[in-house]
Structures are given as structure tokens and as C-alpha cells.
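Novice: Take this structure, written in C-alpha cells, and hold onto it; I'll ask about it next.
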Amino acid sequence: MKKLGKVLKIAAIVIVSLILLGVIFLVAFYQFNYKPTPKPSDLVYVAPFKKSIYNPDQIILLPIPQKITWGSGKFSLTNQINFTSVKEDEMAIKNILRNKLNIESNNQSSGSLKFSKNQHLANQAYYLTIQTNQINIEYSDLQGLFYAVTTIKQIAKQTNNQLPAVTIQDQPDLKIRGAFLDISRGKVPKIETLYETIDFLSDLKYNHLELYVEGFSFGYPSFKNLWEKTETPITPDEVKLLDAYCRERYIELVPNQNSLGHMDAWLATDQYKDLAECPEGYQFLGLIKMKSTIAPLNPKSLELVKKMSEDLLPNFTSNQYNVNLDEPFELGKSKDHPIKDPKEIAKIYIDYAKKLNDYTNSKGKKMLMWGDIVSRNPEIIKDIPKNITLLEWRYESSQDFENICKTYQASGLHYMVCPGTSSWSDFTGRTENMLGNVENSVLNAVKYGADGMLITDWGDKPHLQYLTLSYAGLAYGAALSWNSHSKPKSDLGYYLSKLVFNDTSNSIGDIILDLGRYNQYEEYPMVAGTTTGWAYRFGFMNKMMMDAIFKKFQNAIFELLPQDGNTKEIFVKRFSNPQIYDPESIIKFMENREQAILLSNVNRKDSALIIDEYLNSIRMVKLGAMLKKYNNYHLQMSDDENKVLLTSMKNLCAKTIPEHKRLWNIRNKNGGLENSTESMKAIQTSVDENLALLDKNFISRWFNKTFDKIKTAGAVLYLR
């Protein structure tokens, strides 16, 4: 017994010694690798917002027509008017005039509005002539007629219905101009919000709309037991109402549903957890444990997707169906049946896509799917059915579209280019990235015969940005996809101010665009967001650990993004030459724009709401900048300096979080709100904990700092 006790004592000593050696090693590793963060130059000058000077009498049209000639004289538009048209289009014209111009009308031979069919015009084209005594509209289809009246609406709004004489010949460069709105990731808009958004898109001559469905953002009748107690989805009846609303505005509402990847919510249920490609989960980028891809070789996976589709599709009149199929991260990575050959994985993918295409066709619909897997595995292009439309997404302005557009054109495949509004994971947008991304995608789409453009507006996690912050990207995408030879960049701010927000100061549009330029004070142009926005994902974190995570991400990003052109070289150069993150300049920049917003004069029924949304967005950016400042410098700052910074963050959280909840509930359904605020609440909790720690004695603070160093060193070693 004594011998056993002696052995246990020795073992305990050895274990304790090993632990102490490990602690000493980790502390030494931390001290050796820790480098104080350089402080940004105090000489950085933050330019105040400079209001652009516009001629208040200038008429702005967006999209810019292909050909326009202004004349002399005016036509007075009244709220009751007579028109002349062929009998078969009479009811459609009455509805268009009522919806677009709020005009009641009758078809009479002496009407001052003359609608004439011209079969020589292309689809969606129109020829508009406004004279002092008559308006003539020539069209080949009702879409073209609708767009002519939409142009009249833009002119009427700016001239108090005194329409100047003008001749316009117009038609779109791309036949499909689509918007893609993320109604998942927790944020499901109220139907009233979607009606307003559809009106906004209609005024920009969009003709395609998709509402992104992931998880239970659609209320599947067959799966009520999975969502009824926890979610507030868009309902089948609401979809039918939206479908009819879109049709009246010549927009095709296309059903959308994930069918392979991004199936996290389904695989988290006991009922469908066994359908996961990796039932044990998968370590994405070596950082994030996830279970998001259903197993395409399991016949029950396709059965589930078909059952979901049976609930979804009957609510739409569209003959198209976007099944997504993007980012199946775990495909081929199951521990039980790992597949190392990328070509074999690609074959499994395309075989599953074909089965889904056969099902889609059996429902009388044409299938749309994302092109990310196809563009990374071009050998499967020859196997893709010609009736599928590929959606090629690339959201960074530096990513090449030309090579893949050229490849798709040569293959004879239908495809659309998919840029982004650049509004997610940044709170106020990334203006320069958005402009470059849209230009790059659309110009190549026109050059290489794409069917159209589908501009995406994602939420990502957390889905914190407000919808109106995406209006700039949506407007620019519409303008360029209609007339790719126009120069709408200089008119974008003015259009937003004058026609979207009705700002008599003509400044809010330029302010919105400027808010998306705060990232000029960050380390580098971040991918899919700003580093300020990404700080919300990680919260309070030692900078050494954060740097290791970003290094891991930077290395992994080349596996996620298509490597056409010189994309890799651009990203390597970007990440290898960071500047010093400048939180004070970001805060000063945003505060200056905040004052400019308060001086604007938005005149809409929701004016106060819009201003409050922008002000809270600014608070979010400032909170992110303060968080980054604390993470970067708290070890170099005194306790008093840390206390001042943390107190400022505490006060900002106290304003931002309840205001975000209030604003959310005005435009969105309640489900998902708590998840949306999780990251901000986590910051708030950490602020309180760190403030409490500063009030403790020296020994407690020392132990806390030492434990933080040990934890950081261990994490960095793991990541390496």
C-alpha cells in the first residue's frame, strides 16, 4: 500500500511538473511572439463630408436611357386622362397607369396618351415621345410599355407633373435584371417591407426577384413541427400575395431554396440529422465546427428536397426554380467514406444536380444553380444539361469575371453574373468594392452574352445591416445592367437623394455612399466585409490570437474563391502589406457623416425611421472600431485608459442594442431578433466583465492576464 502511495505521489509530481512546464512554455512562447501593436499616425487627416453640388432643375433618370433628346415646351399630366390603345392591352394599360402614376384613365380615340404596338422593337424596348399636347409610346410587349411609363414616373416626380418635351429610345442591354434578397439568417421582412422593396426595384426596371430561403425562413406546411414554435417565416399565403404584386410590376418572383449545402437548420433536427454528409461534423477552415451539407449519395436527401419543393413551388407562377447547390463544404469529407479525388467529388455533385434538374423539369420549371463548384471544376461543364442556368457569384471587385464568362459562352450554357451589394458584415457597405464588382460583372456579362445579372444582398451572420443600406448597390446594379455604356456612377448619389429618399437638400445619397468608405482606415480591404464588421464575430480577443485566425483565413480563402486571372496575387499583396488599423479615424469619419445626415431633409413617410437606421448603423461601426482598439492596444494601455474606453463601449451598447431591437421590429418579423443581437450582447457582457476586473486587486488582474496569455499561446499553436 505504501508502495502504491509512493507511485501515486511520484505520478502526481510528474503531472504537476508537466503542467508547470507546459504553462512556462506557453507563457514563454507568448512573450517571445508578442509584439506591441504600432499606433497609427496622429497626422491622418479625416476629410469632412463634402456635399456635391447639383443643379436642382436637372432631371435625373436611372437607369439612363440608351438615347435621349430633350425638346422645348411641357405636357401637363393630370390625375385623370384619356388614352388610345389596341383593345387587347386596354386593361393592362389602365392598371399600369394606376400603379405607376396614380392616374385613372379611359381608352378613347382622342386620348392624349397614345400607345402603339411596334413589332420592329425588341422585347422590353420602348420609344417615348413627350410633346406639349400628347405623349406617344411605342412598344412591342407590355414590359416595354411598363418601362416607358416608369420613365414618365421618374420625370413627373421631379417636375411636379409638368413633363418637359423629350424623345427617348430605350431598351435593356441584359434581358434579365434580377435582385436577390436574403430573408434567412434570422431576418425575415414583413410583407409590407417586401411590398416597398418591390416598388423600389420596379422603379429601377428590375424584372426578376428571388427571396433566399435557408432553413425555415419559409413556412413549410409539411414540416410545421420543426419551425412552428421557434420561427416566424414567410408563409405560403404571403408568397402568393407577393407573386401577384410582382406580376403587376412585371417582375418574376422566382422560387429559391437550398438543396445541398447550407442545410444546417435541417441537419440540426433529430428527424434529419442522419442525412448529413459528415454526421460527426466538419471543421471548416480548421476553425468552425459545422454540419451543413446533406449527403447526395443518400436517396433520402433527394426525397427531403422534393418534399420541401412540393410545399414551396405551388405558391409561385414562375417557370424557374433556383435550387442553389452552392458551398457544399463537407462533400467528400466524411470520416466513414472520405474521397480524396476532386474529380470524383465533382462527379457526385453533378450527378446530384442532374437528378434535381430532372425533378425540376417534371414540375414544368427550369433550374437555376450557383456556379461556384462548376467554375472550380471546369471539366464537368460538358456534363451540365443545357437547360440549366448557372449563376456565377463573385463579390470582390478584384475578382475576374472575363475568363469564366468567356468559358460559359463557348460552352453554350445559359448563365447570369452575380455581383453583390457589398452591404453585409460591414454595417454601412463597401462603396468602392460594390461599384467595381458591379462594373466588372455586368460589362463582361454584356460582352460575353450572359442572360442577365442577379445582384445579391446577403445577411451573413449576424444579419445586422438595415435594408435601405443596400439601396445604393441595388440601384447601381439596375443602372448598369440596363445601359452598360452609361456612366451612372456620378448620378447615383443624386438619384438616391432625389427619387428614392426625396431629400430636398440633395445630400443623403452622397452621404450613404460615403459611409461605405470608412474601411480606408482599416488594415486592408477585407473580403466579404470589413475588419471592423468581422470583429463582431470574434468579440473580445487577444490580438495575437486574432492575427492567427486571420492568417488561417487568408490562407484558406484561396480554396474558397475562384482563382481566375490574377486574383491570388492581388489577395496575397493585399494581406501581406497591411496598414495600421486606425480606430480613431474611423470614429471621427463616422461622427462627421453623422452630422451630415442630421442636416439632410429626407421627406418620406418613413423619414424618421430611415435616419434612425443610419444613425444606429454608425453606432455599430463605432462600437466595432472601439472593440478593435481594445483588442489591439489594451495590453499597452494603462488601467485608467482601458476603463475610459470600456465605459465608452458600455454606453454605446446601452444605446445601440435596444435601438436595433426597435428598428428590427418595424420592418421585420420578430423571429431571429435575439440571434441578431447575440454578438452585440456578447460584447456588452465582455465589457462589463472587463470593467469589473479592473476594479479587482493587482493579483486578480495579474492572474487573469497570465491565463489570457496561456490560452492565446495554446490557440495560436493549434492554429499553426
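Ordering of the C-alpha cells sets the chain letters (A, B, ...); residue numbers start at 1 within each chain; ligands are numbered from 1 in the order shown.
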As a PyMOL selection string, list the residues of region 124-230 of chain A assigned to strand (DSSP E or B) by DSSP on the backbone atoms of this structure.
Specialist: chain A and resi 126-130+135-139+162-170+176-182+189+208-212+218
Novice: Pick out the residues sitting within 10 Å of region 220-230 of chain A, and hand them over as JSON, numbers by chain; count only C-alpha atoms, and ignore anything fewer than 6 positions along from it in its own chain.
Specialist: {"A": [236, 265, 266, 269, 270, 271, 307, 308, 309, 310, 311, 312, 671, 672]}
Novice: Could you write out the selected residues, including N, CA and C atoms, as a PDB file, in the first residue's frame?
Specialist:
```
ATOM      1  N   PRO A 236     -46.906  30.570 -46.997  1.00  0.00           N
ATOM      2  CA  PRO A 236     -47.349  30.325 -48.383  1.00  0.00           C
ATOM      3  C   PRO A 236     -48.333  31.378 -48.889  1.00  0.00           C
ATOM      4  N   ALA A 265     -29.906  24.085 -40.482  1.00  0.00           N
ATOM      5  CA  ALA A 265     -31.108  24.035 -39.644  1.00  0.00           C
ATOM      6  C   ALA A 265     -31.801  22.675 -39.749  1.00  0.00           C
ATOM      7  N   TRP A 266     -31.831  22.107 -40.939  1.00  0.00           N
ATOM      8  CA  TRP A 266     -32.465  20.804 -41.124  1.00  0.00           C
ATOM      9  C   TRP A 266     -31.648  19.701 -40.457  1.00  0.00           C
ATOM     10  N   THR A 269     -31.878  18.973 -36.651  1.00  0.00           N
ATOM     11  CA  THR A 269     -33.063  18.319 -36.089  1.00  0.00           C
ATOM     12  C   THR A 269     -32.812  16.823 -35.935  1.00  0.00           C
ATOM     13  N   ASP A 270     -33.463  16.224 -34.960  1.00  0.00           N
ATOM     14  CA  ASP A 270     -33.348  14.772 -34.760  1.00  0.00           C
ATOM     15  C   ASP A 270     -33.882  14.011 -35.971  1.00  0.00           C
ATOM     16  N   GLN A 271     -34.874  14.607 -36.624  1.00  0.00           N
ATOM     17  CA  GLN A 271     -35.535  13.937 -37.743  1.00  0.00           C
ATOM     18  C   GLN A 271     -34.614  13.757 -38.953  1.00  0.00           C
ATOM     19  N   LYS A 307     -39.742  16.878 -51.101  1.00  0.00           N
ATOM     20  CA  LYS A 307     -40.872  17.157 -50.213  1.00  0.00           C
ATOM     21  C   LYS A 307     -40.920  18.643 -49.856  1.00  0.00           C
ATOM     22  N   MET A 308     -39.756  19.253 -49.621  1.00  0.00           N
ATOM     23  CA  MET A 308     -39.689  20.695 -49.373  1.00  0.00           C
ATOM     24  C   MET A 308     -40.211  21.458 -50.588  1.00  0.00           C
ATOM     25  N   SER A 309     -39.802  21.008 -51.776  1.00  0.00           N
ATOM     26  CA  SER A 309     -40.192  21.681 -53.014  1.00  0.00           C
ATOM     27  C   SER A 309     -41.696  21.577 -53.264  1.00  0.00           C
ATOM     28  N   GLU A 310     -42.286  20.446 -52.895  1.00  0.00           N
ATOM     29  CA  GLU A 310     -43.730  20.279 -53.068  1.00  0.00           C
ATOM     30  C   GLU A 310     -44.498  21.313 -52.252  1.00  0.00           C
ATOM     31  N   ASP A 311     -43.933  21.712 -51.115  1.00  0.00           N
ATOM     32  CA  ASP A 311     -44.550  22.759 -50.298  1.00  0.00           C
ATOM     33  C   ASP A 311     -44.316  24.149 -50.887  1.00  0.00           C
ATOM     34  N   LEU A 312     -43.128  24.361 -51.453  1.00  0.00           N
ATOM     35  CA  LEU A 312     -42.712  25.692 -51.888  1.00  0.00           C
ATOM     36  C   LEU A 312     -43.275  26.080 -53.252  1.00  0.00           C
ATOM     37  N   GLY A 671     -39.093  36.776 -35.160  1.00  0.00           N
ATOM     38  CA  GLY A 671     -38.203  35.625 -35.080  1.00  0.00           C
ATOM     39  C   GLY A 671     -36.823  35.967 -35.618  1.00  0.00           C
ATOM     40  N   GLY A 672     -35.790  35.557 -34.899  1.00  0.00           N
ATOM     41  CA  GLY A 672     -34.425  35.838 -35.338  1.00  0.00           C
ATOM     42  C   GLY A 672     -33.822  37.060 -34.698  1.00  0.00           C
TER      43      GLY A 672
END
```
Novice: Residues near Gly332 (chain A), anyone? I mean within 12 Å using only C-alpha atoms, not counting same-chain ones fewer than 4 positions away, as a list in words.
Specialist: Ala276, Glu277, Cys278, Tyr282, Thr293, Ile294, Ala295, Pro296, Leu297, Pro328, Asp336, His337, Pro338, Ile339, Lys340, Asp341, Pro342, Lys343, Glu344, Ile345, Ala346, Lys347, Ile348 and Tyr349 of chain A
Novice: Enumerate as a ChimeraX atom specification all residues of region 375-515 of chain A assigned to helix (DSSP H, G or I) by DSSP on the backbone, naming them with the chain letters and numbers the document uses.
Specialist: /A:375-376,378-383,402-411,431-447,467-482,489-500,508-515
Novice: Near Pro385 (chain A), within 9 Å and counting only C-alpha atoms, which residues show up once chain neighbours fewer than 5 positions away are dropped, as a PyMOL selection string?
Specialist: chain A and resi 354+357+413
Novice: Just C-alpha atoms for this one: save the residues we selected as a compact mmCIF listing (two decimals), in the first residue's frame.
Specialist:
```txt
# COMPACT_ATOMS: atom_id res chain seq x y z
CA LYS A 354 -28.87 16.22 -62.84
CA ASN A 357 -32.84 19.02 -62.72
CA LEU A 413 -24.64 27.29 -71.36
```
Novice: Between CA of Gln520 (chain A) and CA of Ile570 (chain A), what distance in Å does the model show, to one decimal?
Specialist: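 Between CA of Gln520 (chain A) and CA of Ile570 (chain A) the gap is 16.9 Å.
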Novice: Which neighbours of region 120-136 of chain A fall inside 12 Å, counting only C-alpha atoms, when residues of the same chain fewer than 5 positions from it are skipped, and could you give them as a ChimeraX atom specification?
Specialist: /A:65-77,81-85,110-115,141-152,155-156,162-177,205-207,250,482
Novice: Using only C-alpha atoms, determine which residues lie at most 7 Å from region 541-548 of chain A, disregarding the query and same-chain residues fewer than 2 positions distant; provide the list as an mmCIF file with N, CA and C atoms, in the first residue's frame.
Specialist:
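The file below, out_10.cif, is the result:
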```
data_model
loop_
_atom_site.group_PDB
_atom_site.id
_atom_site.type_symbol
_atom_site.label_atom_id
_atom_site.label_comp_id
_atom_site.auth_asym_id
_atom_site.auth_seq_id
_atom_site.Cartn_x
_atom_site.Cartn_y
_atom_site.Cartn_z
ATOM 1 N N TYR A 34 4.921 37.847 -28.835
ATOM 2 C CA TYR A 34 4.126 39.062 -28.679
ATOM 3 C C TYR A 34 4.896 40.275 -29.178
ATOM 4 N N PHE A 538 -15.950 37.707 -33.508
ATOM 5 C CA PHE A 538 -14.984 37.141 -32.568
ATOM 6 C C PHE A 538 -15.023 37.797 -31.193
ATOM 7 N N GLY A 539 -15.558 39.008 -31.110
ATOM 8 C CA GLY A 539 -15.682 39.666 -29.817
ATOM 9 C C GLY A 539 -14.335 40.026 -29.210
ATOM 10 N N PHE A 550 -6.908 35.272 -38.593
ATOM 11 C CA PHE A 550 -6.961 35.912 -39.903
ATOM 12 C C PHE A 550 -5.926 35.318 -40.852
ATOM 13 N N LYS A 551 -4.778 34.934 -40.327
ATOM 14 C CA LYS A 551 -3.768 34.287 -41.161
ATOM 15 C C LYS A 551 -4.305 32.966 -41.702
ATOM 16 N N LYS A 552 -4.986 32.237 -40.827
ATOM 17 C CA LYS A 552 -5.602 30.971 -41.241
ATOM 18 C C LYS A 552 -6.654 31.232 -42.319
ATOM 19 N N ASN A 631 -8.907 45.375 -28.396
ATOM 20 C CA ASN A 631 -8.175 44.140 -28.685
ATOM 21 C C ASN A 631 -6.729 44.415 -29.083
ATOM 22 N N ASN A 632 -6.509 45.496 -29.830
ATOM 23 C CA ASN A 632 -5.167 45.808 -30.314
ATOM 24 C C ASN A 632 -4.253 46.400 -29.248
ATOM 25 N N THR A 712 -4.140 32.115 -25.195
ATOM 26 C CA THR A 712 -3.798 32.622 -26.524
ATOM 27 C C THR A 712 -2.667 31.816 -27.153
ATOM 28 N N ALA A 715 -3.927 28.469 -28.328
ATOM 29 C CA ALA A 715 -4.762 28.587 -29.525
ATOM 30 C C ALA A 715 -3.919 28.865 -30.764
ATOM 31 N N VAL A 716 -2.914 29.726 -30.614
ATOM 32 C CA VAL A 716 -2.056 30.067 -31.754
ATOM 33 C C VAL A 716 -1.275 28.841 -32.214
ATOM 34 N N LEU A 719 -3.638 26.623 -34.133
ATOM 35 C CA LEU A 719 -3.950 27.146 -35.456
ATOM 36 C C LEU A 719 -2.779 26.968 -36.421
#
```
Novice: For Glu238 (chain A), please output as a PDB file with N, CA and C atoms, in the first residue's frame all residues within 7 Å (counting only C-alpha atoms; exclusion window: fewer than 4 positions along the same chain).
Specialist:
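Below is the file result-v5.pdb, written as the result:
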```pdb
ATOM      1  N   ILE A 191     -44.318  41.531 -44.760  1.00  0.00           N
ATOM      2  CA  ILE A 191     -44.782  41.615 -46.147  1.00  0.00           C
ATOM      3  C   ILE A 191     -44.861  43.071 -46.612  1.00  0.00           C
ATOM      4  N   ILE A 234     -41.856  33.488 -43.664  1.00  0.00           N
ATOM      5  CA  ILE A 234     -42.805  33.965 -44.657  1.00  0.00           C
ATOM      6  C   ILE A 234     -43.733  32.797 -44.981  1.00  0.00           C
ATOM      7  N   LEU A 242     -47.239  38.178 -52.717  1.00  0.00           N
ATOM      8  CA  LEU A 242     -46.046  38.806 -53.281  1.00  0.00           C
ATOM      9  C   LEU A 242     -45.904  38.462 -54.760  1.00  0.00           C
TER      10      LEU A 242
END
```
Novice: Let me make sure I understand: among A:Lys655, A:Lys9, A:Arg247, A:Lys187, which one has the smallest atom-to-atom distance to Ala92 (chain A) if we use only C-alpha atoms?
Specialist: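 Using only C-alpha atoms, Ala92 (chain A) sits closest to A:Arg247.
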Novice: For His414 (chain A), which residue out of A:Tyr448, A:Phe703, A:Trp664, A:Phe401 is the nearest one, using only C-alpha atoms?
Specialist: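 Checking each candidate against His414 (chain A), we get A:Tyr448 as the closest.
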Novice: With distances taken over only C-alpha atoms, which residue among A:Ile657, A:Ile710, A:Leu313, A:Ile587 lies nearest Glu522 (chain A)?
Specialist: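 Residue with the minimum atom-to-atom distance to Glu522 (chain A): A:Ile587.
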Novice: Counting only C-alpha atoms, figure out which residue out of A:Glu392, A:Glu591, A:Asp503, A:Glu196 gets nearest to Lys622 (chain A).
Specialist: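 With only C-alpha atoms as the atom set, the closest residue is A:Glu591.
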Novice: Interatomic distance between CA of Leu253 (chain A) and CA of Glu210 (chain A)?
Specialist: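 Taking CA of Leu253 (chain A) as the start and CA of Glu210 (chain A) as the end point, the length is 6.0 Å.
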Novice: Rounded to one decimal place, report the CA of Tyr630 (chain A)-CA of Lys661 (chain A) distance in Å.
Specialist: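 Those two atoms sit 25.5 Å apart.
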